[in-house]
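Report on one structure; see the data block that follows.
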Amino acid sequence: MRGLRHVFFFSKQMKAPAVTSNYPCPQGREALYLEGRTSRGKVRGGKSVQEKILVVDDEPTILEFVRINLEKNGFQVITASEGTQALRLAQEERPSCVLLDVMLPGLDGFEVLRELRKTLYMPVIMLTAKDDDIDKILGLELGADDYVTKPFNPRELVARIKAILRRVDKTVANVKTDEELLTVGE
């Protein structure tokens, strides 16, 4: 696949890669992403940092419901109601995770996901009423990390977000300052 980059982290003591990722990433973005990641509640530069979640849905009631539940669980929330706005906010805000509806005005959620994967790496959870198997498979094959259908339990959604962020945090924690980053691919 053109533009697909494999990232390998080698420690000086290890002979095999500690972590691999095959998300499409533009050259140099992997290091920028890793430098910017922090865990919720950890301190960076003397300040407590909250995980930022981008919620993308064209239904105001869903946006508000998800925002309230995420904020209640300690997340910072930014919202978008259409695809191009979501892409702009993802570039500007660099959220820790994106919750993405499929049926959006303008660019649909699948197209937003394709565009996100061309330039950025961040976990994406599809949050949508489209519950056909083909839609779930398409979302996951395009690079979504999880797929949740509406109606959904807000506690389960929060648990899924936390699980994905834990996995991302462990990946980043495995990279030490004395480790080397080797990028293979176009």
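Chain labels run A, B, ... following the order of the structure tokens; each chain numbers its residues from 1, and ligands are numbered from 1 in the order shown.
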
Just want the 8 Å neighbourhood of region 140-151 of chain A, counted on only C-alpha atoms, with same-chain residues fewer than 3 positions away dropped. Output as a ChimeraX atom specification.
/A:23,110,113-114,117,123-131,136-137,157,164

All residues 12 Å or closer to Phe65 (chain A), only C-alpha atoms, same chain fewer than 2 positions away omitted, as a PyMOL selection string
chain A and resi 55+57+59-63+67-72+77+79+151-155+157

Expected file contents, prior selection, N, CA, C and O atoms, as a short mmCIF file (atom, residue, chain, number, x, y, z; two decimals), in the first residue's frame:
```cif
data_model
loop_
_atom_site.label_atom_id
_atom_site.label_comp_id
_atom_site.auth_asym_id
_atom_site.auth_seq_id
_atom_site.Cartn_x
_atom_site.Cartn_y
_atom_site.Cartn_z
N VAL A 55 -15.11 14.68 19.21
CA VAL A 55 -16.36 13.97 18.94
C VAL A 55 -16.98 14.58 17.68
O VAL A 55 -17.21 15.79 17.63
N ASP A 57 -20.16 14.32 15.15
CA ASP A 57 -21.51 13.82 14.89
C ASP A 57 -22.36 14.99 14.44
O ASP A 57 -22.17 16.11 14.94
N GLU A 59 -25.62 15.19 14.88
CA GLU A 59 -26.78 15.31 15.76
C GLU A 59 -26.37 16.05 17.04
O GLU A 59 -25.61 15.50 17.85
N PRO A 60 -26.88 17.27 17.26
CA PRO A 60 -26.51 18.05 18.45
C PRO A 60 -26.79 17.32 19.77
O PRO A 60 -26.02 17.44 20.71
N THR A 61 -27.87 16.53 19.83
CA THR A 61 -28.20 15.84 21.08
C THR A 61 -27.15 14.77 21.39
O THR A 61 -26.78 14.59 22.56
N ILE A 62 -26.65 14.08 20.37
CA ILE A 62 -25.60 13.07 20.58
C ILE A 62 -24.31 13.76 21.01
O ILE A 62 -23.63 13.31 21.95
N LEU A 63 -23.95 14.86 20.33
CA LEU A 63 -22.74 15.60 20.70
C LEU A 63 -22.78 16.01 22.17
O LEU A 63 -21.81 15.84 22.91
N ARG A 67 -20.45 14.57 25.11
CA ARG A 67 -19.60 15.58 25.77
C ARG A 67 -19.78 15.54 27.29
O ARG A 67 -18.81 15.49 28.04
N ILE A 68 -21.03 15.52 27.75
CA ILE A 68 -21.30 15.50 29.19
C ILE A 68 -20.68 14.25 29.84
O ILE A 68 -20.03 14.34 30.88
N ASN A 69 -20.87 13.10 29.22
CA ASN A 69 -20.35 11.86 29.80
C ASN A 69 -18.82 11.81 29.78
O ASN A 69 -18.21 11.32 30.74
N LEU A 70 -18.20 12.31 28.74
CA LEU A 70 -16.74 12.32 28.69
C LEU A 70 -16.15 13.32 29.69
O LEU A 70 -15.18 13.02 30.38
N GLU A 71 -16.74 14.51 29.77
CA GLU A 71 -16.24 15.50 30.73
C GLU A 71 -16.41 15.01 32.16
O GLU A 71 -15.55 15.24 33.00
N LYS A 72 -17.51 14.31 32.43
CA LYS A 72 -17.74 13.74 33.76
C LYS A 72 -16.65 12.73 34.12
O LYS A 72 -16.36 12.51 35.28
N VAL A 77 -13.17 17.82 25.87
CA VAL A 77 -13.92 17.45 24.67
C VAL A 77 -13.99 18.62 23.71
O VAL A 77 -14.27 19.75 24.10
N THR A 79 -15.77 19.36 19.73
CA THR A 79 -16.80 18.76 18.88
C THR A 79 -16.78 19.34 17.47
O THR A 79 -16.36 20.48 17.27
N PRO A 151 -27.99 2.59 19.45
CA PRO A 151 -27.74 3.25 20.74
C PRO A 151 -26.61 2.55 21.48
O PRO A 151 -26.34 1.38 21.26
N PHE A 152 -25.95 3.30 22.36
CA PHE A 152 -24.79 2.77 23.06
C PHE A 152 -24.87 3.13 24.54
O PHE A 152 -25.58 4.06 24.93
N ASN A 153 -24.15 2.37 25.34
CA ASN A 153 -24.06 2.63 26.77
C ASN A 153 -22.89 3.60 26.97
O ASN A 153 -21.76 3.28 26.60
N PRO A 154 -23.12 4.76 27.58
CA PRO A 154 -22.03 5.72 27.75
C PRO A 154 -20.88 5.19 28.61
O PRO A 154 -19.72 5.53 28.38
N ARG A 155 -21.18 4.34 29.57
CA ARG A 155 -20.11 3.74 30.39
C ARG A 155 -19.22 2.84 29.55
O ARG A 155 -18.01 2.81 29.71
N LEU A 157 -18.75 3.11 26.31
CA LEU A 157 -17.99 3.98 25.43
C LEU A 157 -16.76 4.55 26.14
O LEU A 157 -15.65 4.51 25.62
#
```

Got a sec to tell me which of region 43-105 of chain A DSSP assigns to alpha helix (DSSP H), as a list in words?
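Those in region 43-105 of chain A that DSSP calls alpha helix (DSSP H) are Pro60, Thr61, Ile62, Leu63, Glu64, Phe65, Val66, Arg67, Ile68, Asn69, Leu70, Glu71, Lys72, Gly83, Thr84, Gln85, Ala86, Leu87, Arg88, Leu89, Ala90, Gln91, Glu92 and Glu93 of chain A.
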
Quick check for you: according to DSSP on this backbone, which residues of region 64-118 of chain A are classed as strand (DSSP E or B)? Reply as a list in words.
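After running DSSP on the backbone, region 64-118 of chain A has strand (DSSP E or B) at Gln76, Val77, Ile78, Thr79, Ala80, Cys97, Val98, Leu99 and Leu100 of chain A.
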